[in-house]
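K.L.:
My file is entry.csv. It has CSV, C-alpha atoms and all ligand atoms:
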```
chain,number,residue,atom,x,y,z
Z,20,MET,CA,5.7,-5.9,-19.5
Z,21,ILE,CA,8.2,-3.7,-21.1
Z,22,LEU,CA,6.7,-2.0,-24.1
Z,23,ASN,CA,7.9,1.4,-25.0
Z,24,ASN,CA,5.2,3.6,-26.6
Z,25,ASN,CA,7.2,6.8,-26.3
Z,26,GLN,CA,4.8,8.7,-24.2
Z,27,LYS,CA,6.1,11.1,-21.6
Z,28,GLN,CA,4.7,11.8,-18.2
Z,29,GLN,CA,2.3,14.9,-18.4
Z,30,LYS,CA,0.7,15.1,-15.0
Z,31,PRO,CA,2.0,14.7,-11.4
Z,32,MET,CA,1.4,11.1,-10.3
Z,33,GLN,CA,-1.7,10.1,-8.4
Z,34,VAL,CA,-0.4,7.9,-5.6
Z,35,ASP,CA,-3.9,6.8,-4.6
Z,36,ASP,CA,-4.6,5.5,-8.0
Z,37,TYR,CA,-1.3,3.7,-8.1
Z,38,LEU,CA,-2.1,2.1,-4.8
Z,39,LYS,CA,-5.6,1.1,-5.8
Z,40,ALA,CA,-4.4,-0.4,-9.1
Z,41,GLY,CA,-1.6,-2.2,-7.1
Z,42,LYS,CA,-4.0,-3.9,-4.6
Z,43,ILE,CA,-6.1,-5.2,-7.4
Z,44,ALA,CA,-3.1,-6.5,-9.4
Z,45,ALA,CA,-1.7,-8.2,-6.3
Z,46,GLN,CA,-5.0,-9.9,-5.5
Z,47,VAL,CA,-5.3,-11.2,-9.1
Z,48,ARG,CA,-1.7,-12.3,-9.3
Z,49,GLU,CA,-2.0,-14.3,-6.1
Z,50,ASN,CA,-5.1,-16.1,-7.4
Z,51,VAL,CA,-3.1,-16.8,-10.6
Z,52,ARG,CA,-0.3,-18.3,-8.5
Z,53,LYS,CA,-2.6,-20.6,-6.5
Z,54,LYS,CA,-4.5,-22.0,-9.4
Z,55,ASN,CA,-3.5,-25.1,-11.4
Z,56,TRP,CA,-3.6,-24.0,-15.1
Z,57,VAL,CA,-2.6,-27.4,-16.6
Z,58,GLY,CA,-5.1,-28.2,-19.3
Z,59,SER,CA,-6.2,-24.6,-19.7
Z,60,THR,CA,-5.8,-22.8,-23.0
Z,61,VAL,CA,-4.0,-19.5,-23.1
Z,62,ALA,CA,-7.3,-17.9,-24.3
Z,63,GLU,CA,-9.0,-19.2,-21.1
Z,64,ILE,CA,-6.2,-17.8,-18.9
Z,65,CYS,CA,-6.2,-14.4,-20.5
Z,66,GLU,CA,-10.0,-14.1,-20.4
Z,67,GLU,CA,-10.2,-15.3,-16.8
Z,68,VAL,CA,-7.5,-13.0,-15.5
Z,69,GLU,CA,-8.7,-10.0,-17.5
Z,70,GLY,CA,-12.2,-10.6,-16.4
Z,71,GLU,CA,-11.2,-10.7,-12.7
Z,72,ILE,CA,-9.4,-7.3,-13.1
Z,73,GLN,CA,-12.6,-5.8,-14.5
Z,74,ARG,CA,-14.8,-7.4,-11.8
Z,75,LEU,CA,-12.6,-5.8,-9.2
Z,76,GLY,CA,-13.4,-2.4,-10.7
Z,77,ALA,CA,-10.3,-1.6,-12.8
Z,78,LYS,CA,-9.2,-1.7,-16.4
Z,79,CYS,CA,-6.4,-3.8,-18.0
Z,80,ALA,CA,-3.3,-1.8,-18.6
Z,81,PHE,CA,-2.3,-4.3,-21.3
Z,82,PRO,CA,-3.4,-7.8,-22.5
Z,83,VAL,CA,-2.5,-10.5,-20.0
Z,84,ASN,CA,0.8,-12.1,-21.2
Z,85,THR,CA,1.0,-15.9,-21.1
Z,86,SER,CA,4.6,-16.5,-22.2
Z,87,ILE,CA,5.5,-20.2,-22.1
Z,88,ASN,CA,9.0,-21.8,-21.5
Z,89,GLU,CA,11.6,-20.2,-23.8
Z,90,VAL,CA,9.3,-17.3,-24.7
Z,91,ALA,CA,10.3,-14.7,-22.2
Z,92,ALA,CA,7.6,-12.1,-22.8
Z,93,HIS,CA,5.0,-10.5,-24.9
Z,94,TYR,CA,2.8,-13.4,-25.9
Z,95,THR,CA,-0.9,-12.9,-25.5
Z,96,ALA,CA,-3.7,-15.2,-26.7
Z,97,GLU,CA,-5.1,-14.8,-30.2
Z,98,PRO,CA,-8.9,-15.0,-30.3
Z,99,ASN,CA,-9.9,-18.6,-29.3
Z,100,ASP,CA,-6.2,-19.5,-29.0
Z,101,GLN,CA,-6.1,-23.2,-28.3
Z,102,LYS,CA,-2.5,-23.4,-27.1
Z,103,THR,CA,-2.8,-25.5,-23.9
Z,104,ILE,CA,-0.7,-25.5,-20.8
Z,105,SER,CA,0.9,-29.0,-20.3
Z,106,ASP,CA,2.0,-30.6,-17.0
Z,107,THR,CA,5.7,-29.8,-17.8
Z,108,ASP,CA,5.3,-26.2,-18.8
Z,109,LEU,CA,6.6,-23.1,-17.1
Z,110,VAL,CA,4.4,-20.0,-17.8
Z,111,LYS,CA,5.0,-16.4,-17.0
Z,112,ILE,CA,1.7,-14.6,-16.4
Z,113,ASP,CA,2.3,-10.9,-16.6
Z,114,LEU,CA,-0.7,-8.6,-15.9
Z,115,GLY,CA,-1.4,-4.9,-15.8
Z,116,VAL,CA,-4.1,-3.0,-14.0
Z,117,GLN,CA,-4.8,0.7,-14.5
Z,118,ILE,CA,-7.0,3.2,-12.7
Z,119,ASN,CA,-7.2,6.5,-14.6
Z,120,GLY,CA,-4.1,5.4,-16.5
Z,121,TYR,CA,-2.0,4.8,-13.4
Z,122,ILE,CA,-0.6,1.4,-13.8
Z,123,ALA,CA,0.3,-1.6,-11.6
Z,124,ASP,CA,2.5,-4.1,-13.5
Z,125,THR,CA,3.2,-7.5,-11.9
Z,126,ALA,CA,4.0,-11.0,-12.9
Z,127,VAL,CA,4.3,-14.5,-11.5
Z,128,THR,CA,5.8,-17.7,-13.0
Z,129,VAL,CA,3.8,-20.8,-12.6
Z,130,CYS,CA,5.9,-24.0,-13.1
Z,131,TYR,CA,4.7,-27.6,-13.5
Z,132,ASP,CA,8.2,-29.1,-13.9
Z,133,PRO,CA,10.0,-29.4,-10.5
Z,134,ASN,CA,13.3,-29.3,-12.4
Z,135,TYR,CA,12.7,-25.6,-13.0
Z,136,ASP,CA,11.4,-24.6,-9.5
Z,137,SER,CA,14.9,-23.2,-8.7
Z,138,LEU,CA,14.7,-21.0,-11.8
Z,139,VAL,CA,11.5,-19.5,-10.6
Z,140,GLN,CA,12.9,-19.1,-7.1
Z,141,ALA,CA,15.9,-17.3,-8.5
Z,142,ALA,CA,13.6,-14.8,-10.2
Z,143,GLU,CA,11.7,-14.3,-6.9
Z,144,ASP,CA,14.9,-13.9,-4.9
Z,145,ALA,CA,16.4,-11.4,-7.3
Z,146,LEU,CA,13.2,-9.3,-7.1
Z,147,LYS,CA,13.2,-9.5,-3.3
Z,148,ASN,CA,16.8,-8.5,-3.0
Z,149,ALA,CA,16.3,-5.6,-5.4
Z,150,ILE,CA,13.3,-4.3,-3.6
Z,151,SER,CA,15.1,-4.6,-0.2
Z,152,MET,CA,17.8,-2.1,-1.3
Z,153,ILE,CA,15.5,0.5,-2.9
Z,154,LYS,CA,15.0,3.9,-1.6
Z,155,ILE,CA,15.0,7.4,-3.1
Z,156,GLY,CA,18.4,8.1,-4.7
Z,157,VAL,CA,19.5,4.5,-5.2
Z,158,LYS,CA,21.2,4.0,-8.5
Z,159,ALA,CA,19.5,1.8,-11.1
Z,160,SER,CA,22.8,0.3,-12.0
Z,161,ASP,CA,23.2,-0.9,-8.4
Z,162,ILE,CA,19.8,-2.6,-8.5
Z,163,GLY,CA,21.0,-4.3,-11.7
Z,164,ARG,CA,24.1,-5.4,-10.0
Z,165,THR,CA,22.1,-7.0,-7.1
Z,166,ILE,CA,19.8,-8.8,-9.5
Z,167,GLU,CA,22.7,-10.1,-11.6
Z,168,LYS,CA,24.6,-11.3,-8.5
Z,169,THR,CA,21.6,-13.0,-7.0
Z,170,ILE,CA,20.9,-14.9,-10.2
Z,171,LYS,CA,24.5,-15.8,-11.0
Z,172,GLN,CA,25.2,-17.0,-7.5
Z,173,VAL,CA,22.9,-20.0,-8.1
Z,174,GLY,CA,24.4,-20.7,-11.6
Z,175,PHE,CA,21.7,-19.1,-13.7
Z,176,LEU,CA,21.8,-16.1,-16.1
Z,177,PRO,CA,19.8,-12.8,-16.0
Z,178,ILE,CA,18.3,-11.8,-19.3
Z,179,ALA,CA,20.5,-8.8,-20.1
Z,180,ASN,CA,18.4,-7.1,-22.7
Z,181,LEU,CA,15.1,-7.1,-20.7
Z,182,SER,CA,14.7,-4.6,-17.9
Z,183,GLY,CA,12.3,-3.0,-15.5
Z,184,HIS,CA,11.0,0.5,-16.3
Z,185,SER,CA,9.5,3.7,-15.0
Z,186,LEU,CA,5.7,4.1,-15.5
Z,187,ALA,CA,3.7,7.2,-16.3
Z,188,GLN,CA,0.1,7.9,-16.9
Z,189,TYR,CA,-1.2,5.7,-19.7
Z,190,THR,CA,2.4,4.8,-20.4
Z,191,ILE,CA,4.0,1.4,-19.7
Z,192,HIS,CA,7.6,2.5,-20.3
Z,193,GLY,CA,8.1,6.0,-18.9
Z,194,GLY,CA,11.6,6.4,-20.3
Z,195,LYS,CA,13.8,5.0,-17.5
Z,196,SER,CA,15.1,1.4,-17.4
Z,197,ILE,CA,15.9,-0.6,-14.3
Z,198,PRO,CA,18.4,-3.1,-15.7
Z,199,ASN,CA,18.7,-6.8,-14.7
Z,200,ILE,CA,22.5,-6.6,-14.9
Z,201,TRP,CA,25.1,-4.0,-13.8
Z,202,SER,CA,25.3,-1.4,-16.6
Z,203,ILE,CA,26.8,2.0,-17.2
Z,204,GLY,CA,24.8,5.3,-17.8
Z,205,SER,CA,22.7,5.0,-14.7
Z,206,PHE,CA,20.2,7.3,-13.0
Z,207,SER,CA,19.0,7.6,-9.4
Z,208,LEU,CA,15.4,6.6,-8.4
Z,209,SER,CA,13.0,9.4,-7.7
Z,210,GLY,CA,10.3,9.4,-5.0
Z,211,SER,CA,7.7,10.9,-7.4
Z,212,VAL,CA,7.9,8.2,-10.0
Z,213,ALA,CA,6.5,4.6,-10.0
Z,214,TYR,CA,8.7,1.9,-11.4
Z,215,ALA,CA,8.4,-1.8,-12.3
Z,216,CYS,CA,11.3,-4.1,-11.4
Z,217,GLU,CA,11.2,-7.4,-13.3
Z,218,PRO,CA,14.1,-9.8,-13.2
Z,219,PHE,CA,14.1,-12.5,-16.0
Z,220,VAL,CA,16.2,-15.6,-15.4
Z,221,THR,CA,17.4,-18.4,-17.7
Z,222,THR,CA,19.5,-21.5,-17.2
Z,223,GLY,CA,23.3,-21.6,-17.4
Z,224,LYS,CA,22.8,-23.2,-20.8
Z,225,GLY,CA,21.0,-20.1,-22.1
Z,226,MET,CA,22.5,-17.1,-24.0
Z,227,GLY,CA,21.2,-14.7,-21.4
Z,228,PHE,CA,19.4,-12.4,-23.9
Z,229,VAL,CA,16.2,-12.5,-25.9
Z,230,GLN,CA,15.6,-12.2,-29.6
Z,231,GLU,CA,12.4,-11.1,-31.4
Z,232,GLY,CA,10.2,-14.0,-32.5
Z,233,LYS,CA,7.9,-14.1,-35.6
Z,234,ILE,CA,4.6,-13.9,-33.7
Z,235,LYS,CA,3.2,-10.4,-33.0
Z,236,ASN,CA,-0.1,-10.4,-31.1
Z,237,ILE,CA,0.2,-7.3,-28.9
Z,238,PHE,CA,-0.4,-3.9,-30.5
Z,239,ALA,CA,-0.5,-0.2,-29.4
Z,240,LEU,CA,-1.3,3.1,-31.1
Z,241,SER,CA,2.0,4.9,-31.9
Z,242,SER,CA,0.5,8.0,-33.5
Z,243,ARG,CA,-2.9,9.4,-34.4
Z,244,LYS,CA,-3.5,10.5,-37.9
Z,245,LYS,CA,-6.1,9.9,-40.7
Z,246,THR,CA,-5.4,7.0,-43.0
Z,247,LYS,CA,-7.9,7.8,-45.8
Z,248,ASN,CA,-9.7,4.6,-45.0
Z,249,GLU,CA,-12.9,5.3,-43.2
Z,250,GLU,CA,-13.2,1.9,-41.5
Z,251,ALA,CA,-9.6,1.9,-40.4
Z,252,ASP,CA,-10.0,5.4,-38.9
Z,253,LYS,CA,-13.1,4.1,-37.1
Z,254,LEU,CA,-11.0,1.3,-35.6
Z,255,GLN,CA,-8.3,3.8,-34.7
Z,256,GLU,CA,-10.9,6.0,-32.9
Z,257,TYR,CA,-12.2,2.9,-31.0
Z,258,ILE,CA,-8.6,2.0,-29.9
Z,259,TRP,CA,-7.9,5.5,-28.7
Z,260,THR,CA,-11.2,5.7,-26.8
Z,261,ASN,CA,-10.9,2.3,-25.1
Z,262,PHE,CA,-7.1,1.8,-24.7
Z,263,ASN,CA,-5.6,5.2,-25.1
Z,264,MET,CA,-1.9,4.6,-26.0
Z,265,LEU,CA,-1.8,1.4,-24.0
Z,266,PRO,CA,-1.3,-2.0,-25.5
Z,267,PHE,CA,-4.2,-4.1,-26.8
Z,268,ALA,CA,-4.9,-7.5,-28.3
Z,269,LEU,CA,-6.9,-8.6,-31.3
Z,270,ARG,CA,-9.2,-10.3,-28.8
Z,271,TRP,CA,-10.2,-6.9,-27.5
Z,272,ILE,CA,-11.5,-5.6,-30.9
Z,273,VAL,CA,-13.2,-8.7,-32.2
Z,274,LYS,CA,-16.1,-7.8,-29.9
Z,275,GLU,CA,-16.9,-4.9,-32.3
Z,276,TRP,CA,-15.4,-6.1,-35.6
Z,277,GLU,CA,-15.6,-9.6,-37.2
Z,278,GLU,CA,-12.1,-11.2,-36.8
Z,279,LYS,CA,-11.1,-11.3,-40.5
Z,280,LYS,CA,-12.2,-7.6,-40.9
Z,281,ALA,CA,-10.4,-6.6,-37.7
Z,282,ARG,CA,-7.1,-8.2,-38.9
Z,283,GLU,CA,-7.4,-6.4,-42.3
Z,284,LEU,CA,-8.0,-3.0,-40.6
Z,285,LEU,CA,-5.3,-3.6,-38.1
Z,286,GLU,CA,-2.9,-4.4,-41.0
Z,287,ILE,CA,-3.8,-1.0,-42.6
Z,288,LEU,CA,-3.1,0.8,-39.4
Z,289,ILE,CA,0.2,-0.9,-39.0
Z,290,LYS,CA,1.3,-0.1,-42.6
Z,291,LYS,CA,0.3,3.6,-42.0
Z,292,LYS,CA,2.4,3.5,-38.8
Z,293,VAL,CA,-0.6,4.4,-36.7
Z,294,VAL,CA,-0.3,1.1,-34.8
Z,295,HIS,CA,2.8,-0.7,-33.7
Z,296,ALA,CA,2.9,-4.5,-33.5
Z,297,TYR,CA,5.2,-6.0,-30.8
Z,298,PRO,CA,6.9,-9.3,-31.5
Z,299,ILE,CA,7.3,-12.0,-28.8
Z,300,LEU,CA,10.7,-12.2,-27.2
Z,301,VAL,CA,12.4,-15.5,-27.1
Z,302,GLU,CA,15.5,-16.7,-25.2
Z,303,ALA,CA,18.3,-16.7,-27.8
Z,304,GLY,CA,19.5,-20.2,-26.7
Z,305,ASN,CA,15.9,-21.5,-26.6
Z,306,GLN,CA,16.2,-22.1,-22.8
Z,307,ARG,CA,13.4,-21.6,-20.4
Z,308,VAL,CA,12.9,-18.2,-18.7
Z,309,ALA,CA,11.3,-17.4,-15.4
Z,310,GLN,CA,10.2,-13.9,-14.3
Z,311,ALA,CA,9.0,-12.1,-11.2
Z,312,GLU,CA,7.7,-8.5,-11.1
Z,313,HIS,CA,6.5,-5.8,-8.8
Z,314,THR,CA,5.6,-2.1,-9.1
Z,315,PHE,CA,6.9,0.2,-6.5
Z,316,ILE,CA,7.4,3.9,-5.5
Z,317,PRO,CA,10.7,4.7,-3.7
Z,318,THR,CA,10.4,6.6,-0.3
Z,319,GLU,CA,13.1,8.2,1.9
Z,320,GLN,CA,13.2,5.2,4.2
Z,321,GLY,CA,12.7,2.5,1.6
Z,322,VAL,CA,9.9,1.6,-0.8
Z,323,THR,CA,6.2,1.3,-1.2
Z,324,VAL,CA,5.5,-1.9,-3.2
Z,325,THR,CA,2.1,-1.1,-4.7
Z,326,THR,CA,1.6,-4.7,-5.9
Z,327,THR,CA,1.4,-6.4,-2.5
Z,328,LEU,CA,-1.8,-7.6,-0.8
Z,401,CO,CO,6.8,-4.5,-16.7
```
Taking this structure as input, can you express it in the form of structure tokens?
Ligand SMILES: [Co+2]
P.N.:
Amino acid sequence: MILNNNQKQQKPMQVDDYLKAGKIAAQVRENVRKKNWVGSTVAEICEEVEGEIQRLGAKCAFPVNTSINEVAAHYTAEPNDQKTISDTDLVKIDLGVQINGYIADTAVTVCYDPNYDSLVQAAEDALKNAISMIKIGVKASDIGRTIEKTIKQVGFLPIANLSGHSLAQYTIHGGKSIPNIWSIGSFSLSGSVAYACEPFVTTGKGMGFVQEGKIKNIFALSSRKKTKNEEADKLQEYIWTNFNMLPFALRWIVKEWEEKKARELLEILIKKKVVHAYPILVEAGNQRVAQAEHTFIPTEQGVTVTTTL
């Protein structure tokens, strides 16, 4: 998950909450990895995974992303979305857990076409090699170089315009990016910040970058102001109370508002620039994309990966 909602870190980080969120995220991710999702709808996947996060005592930091094949990121199920996983699909399931706004962001790619197992492996290897070089002071550009090298060595391409990111309380993108390629204008990792590293990999036939698609089904508050529409302001208040500035899905508001009404009110909030709608991100050459992701905090000796069991 990569959304930037322009919030800056306000408080010192709470390591305990990061660790608690990370454990829950890891547990849920490993259950996702083990399960066979063929025949499941994306609505079923999202609801099951989000339900498990809540049963384990945490909140979702964003709607579960179920991005299929050439869709790299930012697809979540519409209410009752009947899109179904087939026995040749590759699905990136990206999930976020938060405790008091401290976020664990992690992802796994499940793949039912053996021809693409190596693509998934390349994403996992790139993440592993990146994590193994991290400690306080390491340059983000050097992490990008390692990710790029790992992926290109096996004939695949990193997605150049998707990157990992710093996290902050109630903020998915804390302002610093961890690139998936070598890039200029770097910074050094701090021991008092949590980051997510998320290599995305496509085939040698891909373009190696993503473009915005037409579909938008993830939203987040971008400002807070009155709209002169009482119902829309009520929805705005509901979003702020329940999700803060974090992303949400239409699925999460149709419990309180009838779907047609919810869509209307959301449209008003988008027009008034109170809510931002995030488009899906699609590989520019329409090639399949695999992803792996962990959240971590750098230390003097190395790294604490919060999203491990
Ligand atoms: Co992320």
K.L.:
Write out as an mmCIF file with C-alpha atoms, in the frame of the given file which residues come within 10 Å of segment 251-256 of chain Z when counting all atoms listed in the file, dropping same-chain ones fewer than 2 positions away.
P.N.:
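Below is the file selection-v8.cif, written as the result:
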```cif
data_model
loop_
_atom_site.group_PDB
_atom_site.id
_atom_site.type_symbol
_atom_site.label_atom_id
_atom_site.label_comp_id
_atom_site.auth_asym_id
_atom_site.auth_seq_id
_atom_site.Cartn_x
_atom_site.Cartn_y
_atom_site.Cartn_z
ATOM 1 C CA LEU Z 240 -1.300 3.100 -31.100
ATOM 2 C CA SER Z 242 0.500 8.000 -33.500
ATOM 3 C CA ARG Z 243 -2.900 9.400 -34.400
ATOM 4 C CA LYS Z 244 -3.500 10.500 -37.900
ATOM 5 C CA LYS Z 245 -6.100 9.900 -40.700
ATOM 6 C CA THR Z 246 -5.400 7.000 -43.000
ATOM 7 C CA LYS Z 247 -7.900 7.800 -45.800
ATOM 8 C CA ASN Z 248 -9.700 4.600 -45.000
ATOM 9 C CA GLU Z 249 -12.900 5.300 -43.200
ATOM 10 C CA ILE Z 258 -8.600 2.000 -29.900
ATOM 11 C CA TRP Z 259 -7.900 5.500 -28.700
ATOM 12 C CA THR Z 260 -11.200 5.700 -26.800
ATOM 13 C CA ASN Z 261 -10.900 2.300 -25.100
ATOM 14 C CA PHE Z 262 -7.100 1.800 -24.700
ATOM 15 C CA ASN Z 263 -5.600 5.200 -25.100
ATOM 16 C CA ILE Z 272 -11.500 -5.600 -30.900
ATOM 17 C CA GLU Z 275 -16.900 -4.900 -32.300
ATOM 18 C CA TRP Z 276 -15.400 -6.100 -35.600
ATOM 19 C CA LYS Z 280 -12.200 -7.600 -40.900
ATOM 20 C CA ALA Z 281 -10.400 -6.600 -37.700
ATOM 21 C CA GLU Z 283 -7.400 -6.400 -42.300
ATOM 22 C CA LEU Z 284 -8.000 -3.000 -40.600
ATOM 23 C CA LEU Z 285 -5.300 -3.600 -38.100
ATOM 24 C CA GLU Z 286 -2.900 -4.400 -41.000
ATOM 25 C CA ILE Z 287 -3.800 -1.000 -42.600
ATOM 26 C CA LEU Z 288 -3.100 0.800 -39.400
ATOM 27 C CA VAL Z 293 -0.600 4.400 -36.700
ATOM 28 C CA VAL Z 294 -0.300 1.100 -34.800
#
```
K.L.:
For ligand CO 401 (chain Z), which residue out of Z:Thr125, Z:Asn180, Z:Thr60, Z:Ser137 is the nearest one, using all atoms listed in the file?
P.N.:
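Closest to ligand CO 401 (chain Z) of all the choices is Z:Thr125.
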K.L.:
Using atom CA of Arg307 of chain Z and atom CA of Thr221 of chain Z as the two end points, give the distance in Å to one decimal.
P.N.:
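About the pair atom CA of Arg307 of chain Z and atom CA of Thr221 of chain Z: they are 5.8 Å apart.
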K.L.:
So that I can see what lies close to segment 92-94 of chain Z, please list as a list in words the residues with an atom at most 6 Å from it, counting only C-alpha atoms and leaving out residues fewer than 3 positions away in the same chain.
P.N.:
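My reading of the contact set: Asn84, Thr85, Ser86, Ile299 and Leu300 of chain Z.
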K.L.:
List every residue of chain Z that has an atom at most 9 Å from any atom of ligand CO 401 (chain Z), giving for each one its closest atom pair and the distance in Å to one decimal, counting only C-alpha atoms and all ligand atoms, sorted by chain and then by ascending residue number, as a tab-separated table.
P.N.:
```
residue	atom	partner	partner_atom	distance
Z:Met20	CA	Z:CO401	CO	3.3
Z:Ile21	CA	Z:CO401	CO	4.7
Z:Leu22	CA	Z:CO401	CO	7.8
Z:Asp113	CA	Z:CO401	CO	7.8
Z:Leu114	CA	Z:CO401	CO	8.6
Z:Gly115	CA	Z:CO401	CO	8.3
Z:Ala123	CA	Z:CO401	CO	8.8
Z:Asp124	CA	Z:CO401	CO	5.4
Z:Thr125	CA	Z:CO401	CO	6.7
Z:Ala126	CA	Z:CO401	CO	8.0
Z:Ser182	CA	Z:CO401	CO	8.0
Z:Gly183	CA	Z:CO401	CO	5.8
Z:His184	CA	Z:CO401	CO	6.5
Z:Ser185	CA	Z:CO401	CO	8.8
Z:Leu186	CA	Z:CO401	CO	8.8
Z:Ile191	CA	Z:CO401	CO	7.2
Z:His192	CA	Z:CO401	CO	7.9
Z:Tyr214	CA	Z:CO401	CO	8.5
Z:Ala215	CA	Z:CO401	CO	5.4
Z:Cys216	CA	Z:CO401	CO	7.0
Z:Glu217	CA	Z:CO401	CO	6.3
Z:Glu312	CA	Z:CO401	CO	6.9
Z:His313	CA	Z:CO401	CO	8.0
Z:Thr314	CA	Z:CO401	CO	8.1
```
K.L.:
Do you have the atom CA of Glu97 of chain Z-atom CA of Val301 of chain Z distance handy?
P.N.:
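Between these atoms lies a distance of 17.8 Å.
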K.L.:
Within 7 Å of Leu38 of chain Z, counting only C-alpha atoms, which residues show up once you throw out same-chain ones fewer than 4 positions away? Write them as a list in words, please.
P.N.:
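What passes the distance filter is Val34, Lys42 and Thr325 of chain Z.
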K.L.:
From the options Z:Leu181, Z:Ala311, Z:Ala239, Z:Ala77, which residue's atoms come nearest to Asp144 of chain Z, counting all atoms listed in the file?
P.N.:
Z:Ala311
K.L.:
Measuring between all atoms listed in the file, which one of Z:Thr326, Z:Arg74, Z:Thr190, Z:Glu319 shows the shortest distance to Met152 of chain Z?
P.N.:
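Under the stated criterion, the closest residue is Z:Glu319.
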K.L.:
For Gln73 of chain Z, which residue out of Z:Thr165, Z:Ser196, Z:Ser209, Z:Gln117 is the nearest one, using only C-alpha atoms?
P.N.:
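Comparing Z:Thr165, Z:Ser196, Z:Ser209, Z:Gln117 against Gln73 of chain Z, the winner is Z:Gln117.
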